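What follows is the content of query_15.cif, which has mmCIF, C-alpha atoms:
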```
data_data
#
loop_
_atom_site.label_atom_id
_atom_site.label_comp_id
_atom_site.auth_asym_id
_atom_site.auth_seq_id
_atom_site.Cartn_x
_atom_site.Cartn_y
_atom_site.Cartn_z
CA MET A 265 0.00 0.00 0.00
CA THR A 266 1.11 3.55 -0.72
CA ARG A 267 0.50 4.58 2.90
CA THR A 268 3.14 2.23 4.26
CA ARG A 269 5.83 4.00 2.26
CA GLN A 270 5.09 7.42 3.74
CA LYS A 271 7.65 8.91 6.08
CA PRO A 272 6.46 8.56 9.69
CA VAL A 273 5.33 11.73 11.44
CA VAL A 274 6.93 12.46 14.81
CA ALA A 275 5.24 15.06 17.04
CA THR A 276 6.05 15.01 20.72
CA LYS A 277 6.03 18.67 21.80
CA THR A 278 3.87 19.20 24.89
CA LEU A 279 2.35 22.20 26.64
CA GLN A 280 3.31 21.27 30.17
CA ARG A 281 5.19 23.56 32.51
CA SER A 282 7.39 22.52 35.42
CA ASP A 283 4.74 22.91 38.15
CA VAL A 284 2.34 20.33 36.74
CA ARG A 285 -0.91 20.08 38.69
CA THR A 286 -1.59 17.07 40.85
CA ARG A 287 -4.99 16.45 39.25
CA PRO A 288 -4.92 13.44 36.93
CA PRO A 289 -5.65 14.04 33.24
CA LEU A 290 -9.06 13.28 31.84
CA GLY A 291 -9.45 9.63 30.86
CA ALA A 292 -10.22 8.25 27.41
CA ILE A 293 -12.65 5.70 26.01
CA ILE A 294 -11.06 3.49 23.34
CA ARG A 295 -13.39 1.86 20.80
CA VAL A 296 -12.66 -0.29 17.75
CA LEU A 297 -14.71 0.67 14.67
CA GLY A 298 -15.16 -1.64 11.69
CA ALA A 299 -13.72 -4.74 13.34
CA LYS A 300 -14.31 -6.85 16.41
CA GLY A 301 -12.58 -5.48 19.49
CA THR A 302 -12.33 -7.10 22.90
CA PRO A 303 -13.46 -5.40 25.03
CA ALA A 304 -15.83 -3.37 22.85
CA GLU A 305 -15.09 -0.32 24.99
CA TYR A 306 -11.93 0.18 27.04
CA ARG A 307 -11.52 2.94 29.62
CA LEU A 308 -7.97 4.30 29.80
CA ARG A 309 -7.73 6.49 32.91
CA ASP A 310 -4.00 6.44 33.62
CA GLY A 311 -0.79 4.87 32.37
CA THR A 312 -0.70 3.15 28.99
CA CYS A 313 -2.41 0.31 27.14
CA LEU A 314 -1.56 -1.86 24.15
CA LEU A 315 -3.78 -2.42 21.11
CA GLY A 316 -3.16 -5.30 18.76
CA SER A 317 -4.29 -8.72 17.62
CA GLY A 318 -2.30 -10.58 20.29
CA PRO A 319 -4.12 -12.02 23.33
CA THR A 320 -1.98 -10.11 25.84
CA CYS A 321 -3.13 -6.68 24.58
CA ALA A 322 -5.57 -4.58 26.62
CA VAL A 323 -7.67 -4.21 23.47
CA VAL A 324 -7.57 -7.24 21.19
CA ILE A 325 -8.50 -6.49 17.56
CA ALA A 326 -9.65 -9.36 15.37
CA ASN A 327 -8.17 -8.29 12.03
CA PRO A 328 -5.28 -9.91 10.12
CA SER A 329 -3.86 -6.50 9.13
CA VAL A 330 -3.31 -5.54 12.78
CA SER A 331 0.02 -6.57 14.33
CA ARG A 332 0.11 -8.59 17.55
CA GLU A 333 1.31 -5.51 19.45
CA HIS A 334 0.42 -2.70 17.09
CA VAL A 335 0.24 0.57 19.05
CA GLU A 336 0.59 1.90 22.59
CA LEU A 337 -1.71 4.63 23.91
CA GLY A 338 -1.02 6.68 27.02
CA ILE A 339 -2.90 9.37 28.95
CA VAL A 340 -1.30 12.86 29.16
CA PRO A 341 -2.76 16.33 29.90
CA GLU A 342 -3.07 17.13 26.18
CA GLY A 343 -5.05 13.94 25.52
CA VAL A 344 -3.44 10.67 24.45
CA THR A 345 0.04 9.77 23.25
CA VAL A 346 0.21 7.38 20.31
CA ARG A 347 3.33 5.21 19.77
CA ASP A 348 3.49 2.79 16.89
CA LEU A 349 5.25 -0.44 17.91
CA LYS A 350 6.95 -1.09 14.54
CA SER A 351 3.68 -2.49 13.23
CA ARG A 352 3.52 -4.23 9.87
CA ASN A 353 0.81 -2.04 8.29
CA GLY A 354 1.36 1.15 10.23
CA THR A 355 -0.57 3.60 12.39
CA PHE A 356 -2.16 6.54 10.58
CA TYR A 357 -3.57 9.90 11.59
CA LEU A 358 -5.15 12.18 8.98
CA GLN A 359 -3.91 9.73 6.34
CA GLN A 360 -0.27 10.13 7.37
CA ARG A 361 1.73 7.36 8.96
CA VAL A 362 2.81 8.27 12.48
CA GLN A 363 5.56 6.96 14.68
CA GLN A 364 4.84 8.91 17.86
CA MET A 365 2.61 11.89 18.55
CA THR A 366 0.14 13.39 20.99
CA LEU A 367 -3.53 13.66 20.00
CA THR A 368 -6.43 15.49 21.57
CA LEU A 369 -9.36 13.47 22.83
CA GLY A 370 -11.99 13.05 20.14
CA SER A 371 -9.41 11.96 17.55
CA ARG A 372 -9.47 8.93 15.26
CA ILE A 373 -6.51 6.81 14.19
CA GLN A 374 -6.16 3.93 11.72
CA LEU A 375 -4.38 0.65 12.44
CA GLY A 376 -4.07 -0.58 8.89
CA PRO A 377 -7.73 -0.62 7.75
CA VAL A 378 -9.19 -0.56 11.29
CA GLU A 379 -10.39 2.75 12.77
CA ILE A 380 -9.87 3.46 16.47
CA ALA A 381 -11.96 6.11 18.27
CA ILE A 382 -10.29 7.93 21.16
CA ASP A 383 -13.02 9.87 22.99
CA PRO A 384 -13.15 11.67 26.34
CA ASP A 385 -14.42 9.72 29.31
CA ALA A 386 -17.33 11.98 30.21
CA ASP A 387 -18.27 9.77 33.16
CA ASP A 388 -14.82 10.42 34.60
CA LEU A 389 -15.48 14.15 34.37
CA PHE A 390 -19.07 14.75 35.36
CA VAL A 391 -19.03 12.55 38.45
CA ALA A 392 -16.54 15.02 39.92
CA PRO A 393 -17.58 16.07 43.45
CA GLU A 394 -19.00 19.54 44.00
CA LEU A 395 -16.48 22.17 45.11
CA ASP A 396 -18.06 24.00 48.05
CA THR A 397 -15.62 26.90 48.40
CA GLY A 398 -17.73 29.88 47.33
CA SER A 399 -15.21 30.77 44.64
CA TYR A 400 -12.88 29.30 42.04
CA GLN A 401 -10.16 31.15 40.13
CA GLY A 402 -11.88 34.51 40.60
CA MET A 403 -15.42 33.22 39.99
CA LEU A 404 -17.95 33.59 42.82
CA GLY A 405 -20.80 31.25 43.63
CA SER A 406 -22.25 29.01 46.31
CA ALA A 407 -25.39 27.93 44.44
CA ALA A 408 -25.59 24.21 43.69
CA VAL A 409 -25.19 24.79 39.95
CA MET A 410 -21.95 26.73 40.59
CA ARG A 411 -20.60 24.16 43.06
CA ARG A 412 -21.03 21.51 40.38
CA LEU A 413 -19.35 23.72 37.77
CA PHE A 414 -16.43 24.43 40.11
CA GLY A 415 -16.05 20.69 40.70
CA VAL A 416 -15.81 20.01 36.97
CA LEU A 417 -13.37 22.89 36.46
CA SER A 418 -11.24 21.57 39.29
CA ARG A 419 -11.30 18.07 37.77
CA LEU A 420 -10.12 19.53 34.45
CA GLU A 421 -6.99 21.04 36.01
CA GLY A 422 -5.02 18.00 34.96
CA SER A 423 -6.12 18.17 31.30
CA LEU A 424 -5.60 20.44 28.33
CA VAL A 425 -8.53 19.26 26.24
CA ASN A 426 -10.48 21.70 24.07
CA VAL A 427 -13.61 23.02 25.79
CA LEU A 428 -16.77 24.62 24.42
CA VAL A 429 -18.55 26.93 26.88
CA THR A 430 -22.20 27.58 26.10
CA GLY A 431 -24.65 29.93 27.74
CA GLU A 432 -26.66 33.13 27.44
CA SER A 433 -25.01 36.49 26.89
CA GLY A 434 -23.61 38.01 30.07
CA THR A 435 -23.24 34.75 32.02
CA GLY A 436 -19.45 34.98 32.30
CA LYS A 437 -18.25 32.53 29.66
CA GLU A 438 -14.90 34.31 29.43
CA LEU A 439 -14.48 33.94 33.21
CA ILE A 440 -14.89 30.19 32.79
CA ALA A 441 -12.29 30.22 30.00
CA ARG A 442 -9.86 32.16 32.20
CA ALA A 443 -10.50 29.77 35.09
CA LEU A 444 -9.71 26.81 32.82
CA HIS A 445 -6.49 28.52 31.80
CA GLU A 446 -5.38 29.60 35.27
CA GLY A 447 -6.12 26.18 36.74
CA SER A 448 -4.19 24.28 34.07
CA SER A 449 -0.56 23.38 33.55
CA VAL A 450 -0.28 26.22 30.99
CA GLY A 451 -1.61 28.85 33.39
CA GLY A 452 1.73 30.62 33.24
CA GLY A 453 1.50 30.92 29.46
CA PRO A 454 -0.39 33.48 27.38
CA PHE A 455 -4.16 33.82 27.41
CA VAL A 456 -5.29 35.28 24.08
CA THR A 457 -8.88 36.30 23.34
CA VAL A 458 -10.46 36.62 19.90
CA ASN A 459 -14.05 37.79 19.50
CA CYS A 460 -15.09 36.08 16.28
CA GLY A 461 -18.17 38.26 15.99
CA ALA A 462 -16.28 41.56 16.13
CA ILE A 463 -13.85 41.07 13.25
CA ALA A 464 -14.45 42.14 9.67
CA ARG A 465 -15.07 39.03 7.59
CA GLU A 466 -12.09 39.63 5.31
CA LEU A 467 -9.73 39.94 8.31
CA VAL A 468 -10.70 36.80 10.24
CA SER A 469 -7.98 34.58 8.73
CA SER A 470 -5.34 37.22 9.41
CA GLU A 471 -6.56 37.67 12.99
CA LEU A 472 -6.34 33.94 13.69
CA PHE A 473 -3.29 32.90 11.67
CA GLY A 474 -1.38 36.14 10.96
CA HIS A 475 -0.21 37.45 7.62
CA LYS A 476 2.91 38.32 5.65
CA ARG A 477 3.75 41.83 4.61
CA GLY A 478 1.94 42.66 1.38
CA ALA A 479 -0.42 39.67 1.70
CA PHE A 480 -3.39 41.96 0.98
CA THR A 481 -4.18 45.65 0.61
CA GLY A 482 -3.27 47.39 3.83
CA ALA A 483 -0.90 44.65 5.08
CA GLN A 484 2.09 46.99 5.36
CA GLU A 485 3.81 44.89 8.00
CA ALA A 486 3.86 41.19 8.87
CA ARG A 487 1.59 40.33 11.79
CA ARG A 488 1.41 37.44 14.22
CA GLY A 489 -1.97 35.80 14.50
CA ALA A 490 -3.80 34.72 17.64
CA PHE A 491 -2.65 31.09 17.36
CA GLU A 492 1.02 32.07 17.27
CA SER A 493 0.52 34.59 20.09
CA ALA A 494 -1.15 31.90 22.21
CA ASP A 495 1.54 29.25 21.56
CA GLY A 496 2.21 27.49 24.86
CA GLY A 497 -0.99 28.81 26.40
CA THR A 498 -4.72 29.17 25.83
CA LEU A 499 -6.65 30.70 22.93
CA PHE A 500 -10.19 31.81 23.80
CA LEU A 501 -12.46 32.02 20.74
CA ASP A 502 -15.51 33.98 21.86
CA GLU A 503 -18.69 33.96 19.75
CA ILE A 504 -17.33 31.01 17.76
CA GLY A 505 -20.73 30.59 16.11
CA GLU A 506 -20.05 33.81 14.17
CA LEU A 507 -16.96 32.37 12.47
CA PRO A 508 -17.41 32.46 8.66
CA LEU A 509 -17.82 29.06 7.01
CA ASP A 510 -14.91 29.67 4.63
CA VAL A 511 -12.49 30.11 7.55
CA GLN A 512 -13.67 27.03 9.46
CA PRO A 513 -11.59 24.46 7.47
CA ALA A 514 -8.37 26.30 8.40
CA LEU A 515 -9.39 26.33 12.07
CA LEU A 516 -10.22 22.62 11.90
CA ARG A 517 -6.79 21.92 10.41
CA ALA A 518 -5.10 23.90 13.18
CA LEU A 519 -6.99 21.92 15.83
CA GLU A 520 -6.28 18.57 14.20
CA SER A 521 -2.61 19.00 13.32
CA GLY A 522 -1.35 22.05 15.21
CA GLU A 523 -0.37 23.57 11.85
CA ILE A 524 -1.11 27.15 10.83
CA ARG A 525 -0.28 29.02 7.65
CA PRO A 526 -0.21 32.85 7.78
CA VAL A 527 -2.11 34.60 5.00
CA GLY A 528 0.14 35.06 1.99
CA SER A 529 2.77 32.62 3.26
CA ASP A 530 3.80 29.21 1.92
CA ARG A 531 5.41 28.32 5.26
CA VAL A 532 3.59 26.12 7.76
CA GLN A 533 4.16 26.74 11.48
CA MET A 534 3.59 24.29 14.31
CA VAL A 535 1.88 25.62 17.45
CA ARG A 536 0.65 24.00 20.64
CA VAL A 537 -2.42 25.80 21.87
CA ARG A 538 -5.22 24.80 24.21
CA VAL A 539 -8.47 26.14 22.70
CA VAL A 540 -11.51 27.21 24.68
CA ALA A 541 -14.47 28.44 22.59
CA ALA A 542 -17.71 30.06 23.66
CA THR A 543 -21.10 30.66 22.09
CA ASN A 544 -24.67 31.59 22.97
CA ARG A 545 -25.90 29.66 19.92
CA ASP A 546 -26.93 26.02 19.67
CA LEU A 547 -24.05 24.82 17.50
CA ARG A 548 -25.59 21.38 17.04
CA THR A 549 -28.58 23.03 15.39
CA GLU A 550 -26.27 25.31 13.42
CA ALA A 551 -24.30 22.28 12.20
CA SER A 552 -27.47 20.41 11.22
CA ALA A 553 -28.55 23.45 9.20
CA GLY A 554 -25.19 23.64 7.43
CA ARG A 555 -24.21 26.93 9.03
CA PHE A 556 -21.37 25.42 11.09
CA ARG A 557 -19.10 22.50 10.28
CA GLU A 558 -20.06 19.41 12.25
CA ASP A 559 -16.49 18.09 12.36
CA LEU A 560 -15.29 21.43 13.73
CA PHE A 561 -18.01 21.38 16.38
CA TYR A 562 -16.85 18.01 17.68
CA ARG A 563 -13.22 19.20 17.69
CA LEU A 564 -14.14 22.22 19.78
CA ALA A 565 -16.61 20.44 22.07
CA VAL A 566 -14.34 17.68 23.38
CA VAL A 567 -15.78 18.82 26.71
CA GLU A 568 -18.90 20.99 26.77
CA LEU A 569 -19.64 23.20 29.77
CA SER A 570 -22.65 25.41 30.41
CA ALA A 571 -22.51 28.83 32.06
CA PRO A 572 -25.66 29.04 34.22
CA PRO A 573 -27.91 32.12 33.91
CA LEU A 574 -28.16 34.37 36.94
CA ARG A 575 -31.84 33.50 37.48
CA GLU A 576 -30.72 29.96 38.39
CA ARG A 577 -28.35 31.21 41.09
CA LEU A 578 -30.14 34.08 42.81
CA GLU A 579 -28.48 33.20 46.13
CA ASP A 580 -25.18 34.33 44.60
CA ILE A 581 -26.39 37.86 43.86
CA GLU A 582 -25.32 39.34 47.20
CA ALA A 583 -21.72 38.14 46.95
CA ILE A 584 -21.38 39.12 43.29
CA ALA A 585 -23.04 42.53 43.72
CA ASN A 586 -20.87 43.37 46.73
CA ALA A 587 -17.78 42.35 44.77
CA PHE A 588 -18.78 44.75 41.98
CA ALA A 589 -19.44 47.47 44.54
CA ALA A 590 -16.03 46.93 46.15
CA ALA A 591 -14.36 47.10 42.74
CA ALA A 592 -16.07 50.48 42.24
CA GLY A 593 -14.74 51.71 45.59
CA ALA A 594 -17.99 51.39 47.55
CA ARG A 595 -18.94 49.62 50.76
CA ALA A 596 -21.24 46.61 51.03
CA LEU A 597 -24.65 47.31 49.53
CA PRO A 598 -27.63 47.97 51.86
CA ALA A 599 -29.98 45.08 52.59
CA GLU A 600 -32.88 46.74 50.77
CA VAL A 601 -30.74 47.09 47.63
CA ILE A 602 -29.80 43.40 47.76
CA ALA A 603 -33.47 42.48 48.20
CA ASN A 604 -34.37 44.56 45.14
CA LEU A 605 -31.63 42.95 43.09
CA ARG A 606 -32.80 39.48 44.06
CA SER A 607 -36.31 40.25 42.85
CA ARG A 608 -35.25 41.10 39.30
CA ARG A 609 -35.35 38.85 36.23
CA TRP A 610 -31.81 39.55 34.96
CA PRO A 611 -32.16 38.82 31.23
CA GLY A 612 -28.67 40.32 30.84
CA ASN A 613 -27.29 38.05 33.59
CA VAL A 614 -24.12 38.95 35.50
CA ARG A 615 -23.14 41.65 32.99
CA GLU A 616 -26.45 43.42 33.65
CA LEU A 617 -25.94 43.05 37.41
CA ARG A 618 -22.52 44.69 37.11
CA ASN A 619 -23.97 47.62 35.19
CA VAL A 620 -26.79 48.09 37.70
CA VAL A 621 -24.39 48.05 40.67
CA GLN A 622 -22.04 50.50 38.97
CA ALA A 623 -24.99 52.82 38.29
CA PHE A 624 -26.07 52.60 41.95
CA VAL A 625 -22.56 53.38 43.19
CA ALA A 626 -22.37 56.38 40.88
CA LEU A 627 -25.90 57.77 41.38
CA GLY A 628 -27.05 56.43 44.73
CA VAL A 629 -30.25 54.99 43.26
CA LEU A 630 -31.00 51.78 41.41
CA PRO A 631 -31.90 52.17 37.73
CA ARG A 632 -35.25 50.89 36.58
CA GLU A 633 -35.33 47.21 35.70
CA GLY A 634 -34.29 46.90 32.07
CA PRO A 635 -33.42 48.00 29.51
CA ALA A 636 -34.42 44.58 28.23
CA ALA A 637 -37.83 44.75 29.94
CA GLU A 638 -38.51 48.20 28.48
CA ALA A 639 -37.29 47.04 25.09
CA ASP A 640 -39.84 44.21 25.09
CA VAL A 641 -42.67 46.75 25.23
CA GLY A 642 -41.19 48.82 22.42
CA LEU A 643 -40.49 45.82 20.23
CA SER A 644 -44.00 44.44 20.59
CA GLY A 645 -45.34 47.67 19.08
CA TYR A 646 -42.81 47.51 16.26
CA ILE A 647 -43.89 44.07 15.03
CA ASP A 648 -45.87 44.20 11.77
CA LEU A 649 -47.01 40.75 10.69
CA THR A 650 -47.84 42.03 7.20
CA ARG A 651 -44.12 42.51 6.52
CA PRO A 652 -41.34 39.87 6.21
CA TYR A 653 -39.37 38.99 9.34
CA ALA A 654 -36.02 39.66 7.64
CA ASP A 655 -37.02 43.21 6.60
CA LEU A 656 -38.18 44.16 10.08
CA LYS A 657 -35.09 42.66 11.70
CA ASP A 658 -32.73 44.50 9.34
CA GLU A 659 -34.46 47.82 9.99
CA LEU A 660 -34.33 47.33 13.75
CA ILE A 661 -30.66 46.32 13.76
CA ASP A 662 -29.77 49.25 11.52
CA ARG A 663 -31.55 51.68 13.86
CA PHE A 664 -29.93 50.15 16.93
CA THR A 665 -26.52 50.36 15.29
CA GLN A 666 -27.01 54.04 14.50
CA LEU A 667 -28.12 54.91 18.03
CA TYR A 668 -25.35 52.81 19.59
CA LEU A 669 -22.65 54.44 17.46
CA GLU A 670 -23.96 57.93 18.20
CA GLU A 671 -23.78 57.31 21.95
CA LEU A 672 -20.43 55.54 21.65
CA MET A 673 -18.72 58.32 19.68
CA LYS A 674 -20.26 60.97 21.94
CA HIS A 675 -18.93 59.15 24.99
CA THR A 676 -15.41 58.81 23.55
CA GLY A 677 -15.28 62.29 22.04
CA GLY A 678 -14.96 60.87 18.55
CA ASN A 679 -11.84 58.82 19.39
CA GLN A 680 -12.18 55.70 17.24
CA SER A 681 -9.42 53.77 19.05
CA ALA A 682 -11.11 54.34 22.42
CA ALA A 683 -14.49 53.52 20.88
CA ALA A 684 -13.15 50.24 19.47
CA ARG A 685 -11.76 49.22 22.87
CA LEU A 686 -14.97 50.14 24.70
CA SER A 687 -17.29 48.40 22.21
CA GLY A 688 -15.13 45.30 21.75
CA LEU A 689 -15.16 45.85 17.97
CA ASP A 690 -12.17 45.59 15.67
CA ARG A 691 -11.10 49.16 14.78
CA SER A 692 -11.36 48.58 11.03
CA TRP A 693 -14.83 47.07 11.43
CA LEU A 694 -15.95 50.01 13.62
CA TRP A 695 -14.71 52.40 10.93
CA ARG A 696 -16.76 50.58 8.30
CA LEU A 697 -19.87 50.82 10.47
CA LEU A 698 -19.31 54.55 10.95
CA VAL A 699 -18.92 55.04 7.19
CA LYS A 700 -22.09 53.04 6.52
CA GLN A 701 -24.04 55.21 8.97
CA GLY A 702 -22.62 58.40 7.43
CA MET A 703 -20.83 59.32 10.66
CA THR A 704 -17.39 59.65 9.07
CA LYS A 705 -15.93 59.96 5.60
CA GLY A 706 -15.01 56.78 3.67
#
```
Would you mind writing the file out in structure tokens?
Amino acid sequence: MTRTRQKPVVATKTLQRSDVRTRPPLGAIIRVLGAKGTPAEYRLRDGTCLLGSGPTCAVVIANPSVSREHVELGIVPEGVTVRDLKSRNGTFYLQQRVQQMTLTLGSRIQLGPVEIAIDPDADDLFVAPELDTGSYQGMLGSAAVMRRLFGVLSRLEGSLVNVLVTGESGTGKELIARALHEGSSVGGGPFVTVNCGAIARELVSSELFGHKRGAFTGAQEARRGAFESADGGTLFLDEIGELPLDVQPALLRALESGEIRPVGSDRVQMVRVRVVAATNRDLRTEASAGRFREDLFYRLAVVELSAPPLRERLEDIEAIANAFAAAAGARALPAEVIANLRSRRWPGNVRELRNVVQAFVALGVLPREGPAAEADVGLSGYIDLTRPYADLKDELIDRFTQLYLEELMKHTGGNQSAAARLSGLDRSWLWRLLVKQGMTKG
């Protein structure tokens, strides 16, 4: 076979630092696909195991193309190490023969014609005991839902698997990403954030993978991308559901192989990055509808965590609100203020709570509940069922954008750099919005 004549790939670089955490890495479930395997499912939680056709192997594969001792798998923080044992027909990953490498959980390898699934042991993760400490890596919470989340985050300290954080806007998904980073063995490395929904479409590839000088109009200097900047640490991809479809194959390749190619370059770079992504969308539904790659979803969601909405943890409001007040230089909030805060619906979650507390510290009175509640009333009067949904939505978004930009530029005195930082928008994208709204010259 042509495959057996390919040069073996060797990839052994790891992300670990010297003060490795004492938590054990997340275990793996090994399954044989397309052939009989004994046992049908093998849980690898520490150490190593052998796969082959010989009776002494931990996983015995009934296929004549599989050597007696074909491959050795071992648990490490990054996932699983794969070491081919000089097999007759080879071990393959992404159609390349490998000698030794480290793979993330959720990967697939080939032993000759037999496919092996290496998936995360979810049972090993979600039976983690609750962590009843009231806080974890800067996050506050004593509600049951937060104690369970802290327990899972603590259990993940020994692993560097990719994680997808889901939840409503304002629930603190970036805080979870930072907690994952700080609690891991790469906590001393860089933590790089990319908001996929705030980058101009034509600049997404450059933002993620960098570019060479002259790669496109305006590329006057070479630029490092987020993957290279995060090498040896964590890359947080916020609003991953907004990532354009045409960029998703390059991201998938980076996750599968650790290879990136800057825009305009013919040189491939190897990086080792732990990826945490976040979204308020249902990516499974998006994938089913063809708006998000299913294979990319499974690469990102090796472990899926949910950020609970504030309405499910009302007992945490006092501690969180007082922390916001202290950060604003104020004393503990009065009991009647806390009672009022606990009675609210919080559609904007913790972000809305922060804004309300900051307003109270500044003005001495609580703002009316909203603006989401007030917006509901206004929007109900705006709905016209004789007109298409898309037309109404576009008009409303356009009007909101205009009002937002007017307030933003007024607040920053017309300083576009300050406005970009405050809004979380890429400066070039903000400029385009201003031009579109006729608020600056093109």
Handout entry: Atomic separation - CA of Gly447 in chain A relative to CA of Leu413 in chain A, Å
Key =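 Value for the CA of Leu413 in chain A-CA of Gly447 in chain A distance: 13.5 Å.
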Handout entry: Selected residue of minimal separation from Gly628 in chain A among A:Thr355, A:Gly402, A:Pro598, A:Gly461, counting only C-alpha atoms
Key =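 Using only C-alpha atoms, the shortest distance to Gly628 in chain A belongs to A:Pro598.
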Problem - Shortest interatomic distance to Val532 in chain A - which of A:Phe473, A:Val511, A:Ser317, A:Arg555, counting all atoms listed in the file - result: A:Phe473
Practice task
Kindly resolve the PyMOL selection byres ((chain A and resi 381) around 8) on the present coordinates and return the residues as a PyMOL selection string.
Solution key: chain A and resi 293-297+370-373+379-380+382-383
Exercise for the section: Might you pull out every residue within 8 Å of Ser351 in chain A, with all atoms listed in the file counted and same-chain residues fewer than 6 positions away left off, and present them as a list in words? Expected result: Val330, Ser331, Glu333, His334 and Val335 of chain A
Problem - Hits from the PyMOL selection byres ((chain A and resi 399) around 12), listed as a ChimeraX atom specification - result: /A:394-398,400-407,410-415,417-418,439-440,443,580,583-584,587
Practice task
Apply the PyMOL selection byres ((chain A and resi 678-690) around 9) to the file shown and report the selected residues as a count of residues only.
Solution key: 17
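Distance-wise, CA of Asn426 in chain A and CA of Glu506 in chain A end up 18.3 Å apart.
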Practice task
Work out how far CA of Ile504 in chain A is from CA of Lys657 in chain A, in Å to one decimal.
Solution key: 22.1 Å
Which residues of range 520-638 of chain A have any atom within 12 Å of an atom in range 339-350 of chain A when counting all atoms listed in the file, and what is the closest pair of atoms for each, with the distance in Å to one decimal? Order the rows by chain and rising number and write it as a tab-separated table.
```
residue	atom	partner	partner_atom	distance
A:Arg536	CA	A:Glu342	CA	9.6
A:Val537	CA	A:Glu342	CA	9.7
A:Arg538	CA	A:Glu342	CA	8.2
A:Val539	CA	A:Glu342	CA	11.1
A:Val566	CA	A:Gly343	CA	10.2
A:Val567	CA	A:Gly343	CA	11.8
```
Problem - Spatial neighbours of Glu558 in chain A, max dist 9 Å, only C-alpha atoms, sep filter under 6 positions, as a PyMOL selection string - result: chain A and resi 547-548+550-552
Go ahead and dump the residues you just picked, C-alpha atoms, as a PDB file, in the coordinates of the input.
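Saved as selection_13.pdb:
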```
ATOM      1  CA  LEU A 547     -24.050  24.820  17.500  1.00  0.00           C
ATOM      2  CA  ARG A 548     -25.590  21.380  17.040  1.00  0.00           C
ATOM      3  CA  GLU A 550     -26.270  25.310  13.420  1.00  0.00           C
ATOM      4  CA  ALA A 551     -24.300  22.280  12.200  1.00  0.00           C
ATOM      5  CA  SER A 552     -27.470  20.410  11.220  1.00  0.00           C
TER       6      SER A 552
END
```
Practice task
Tell me, as a list in words, which residues lie within 12 Å of Arg632 in chain A, counting all atoms listed in the file; anything in the same chain fewer than 6 positions away does not count.
Solution key: Asn604, Leu605, Arg608, Trp610, Glu616, Asn619, Val620, Val621, Ala623, Phe624 and Glu638 of chain A
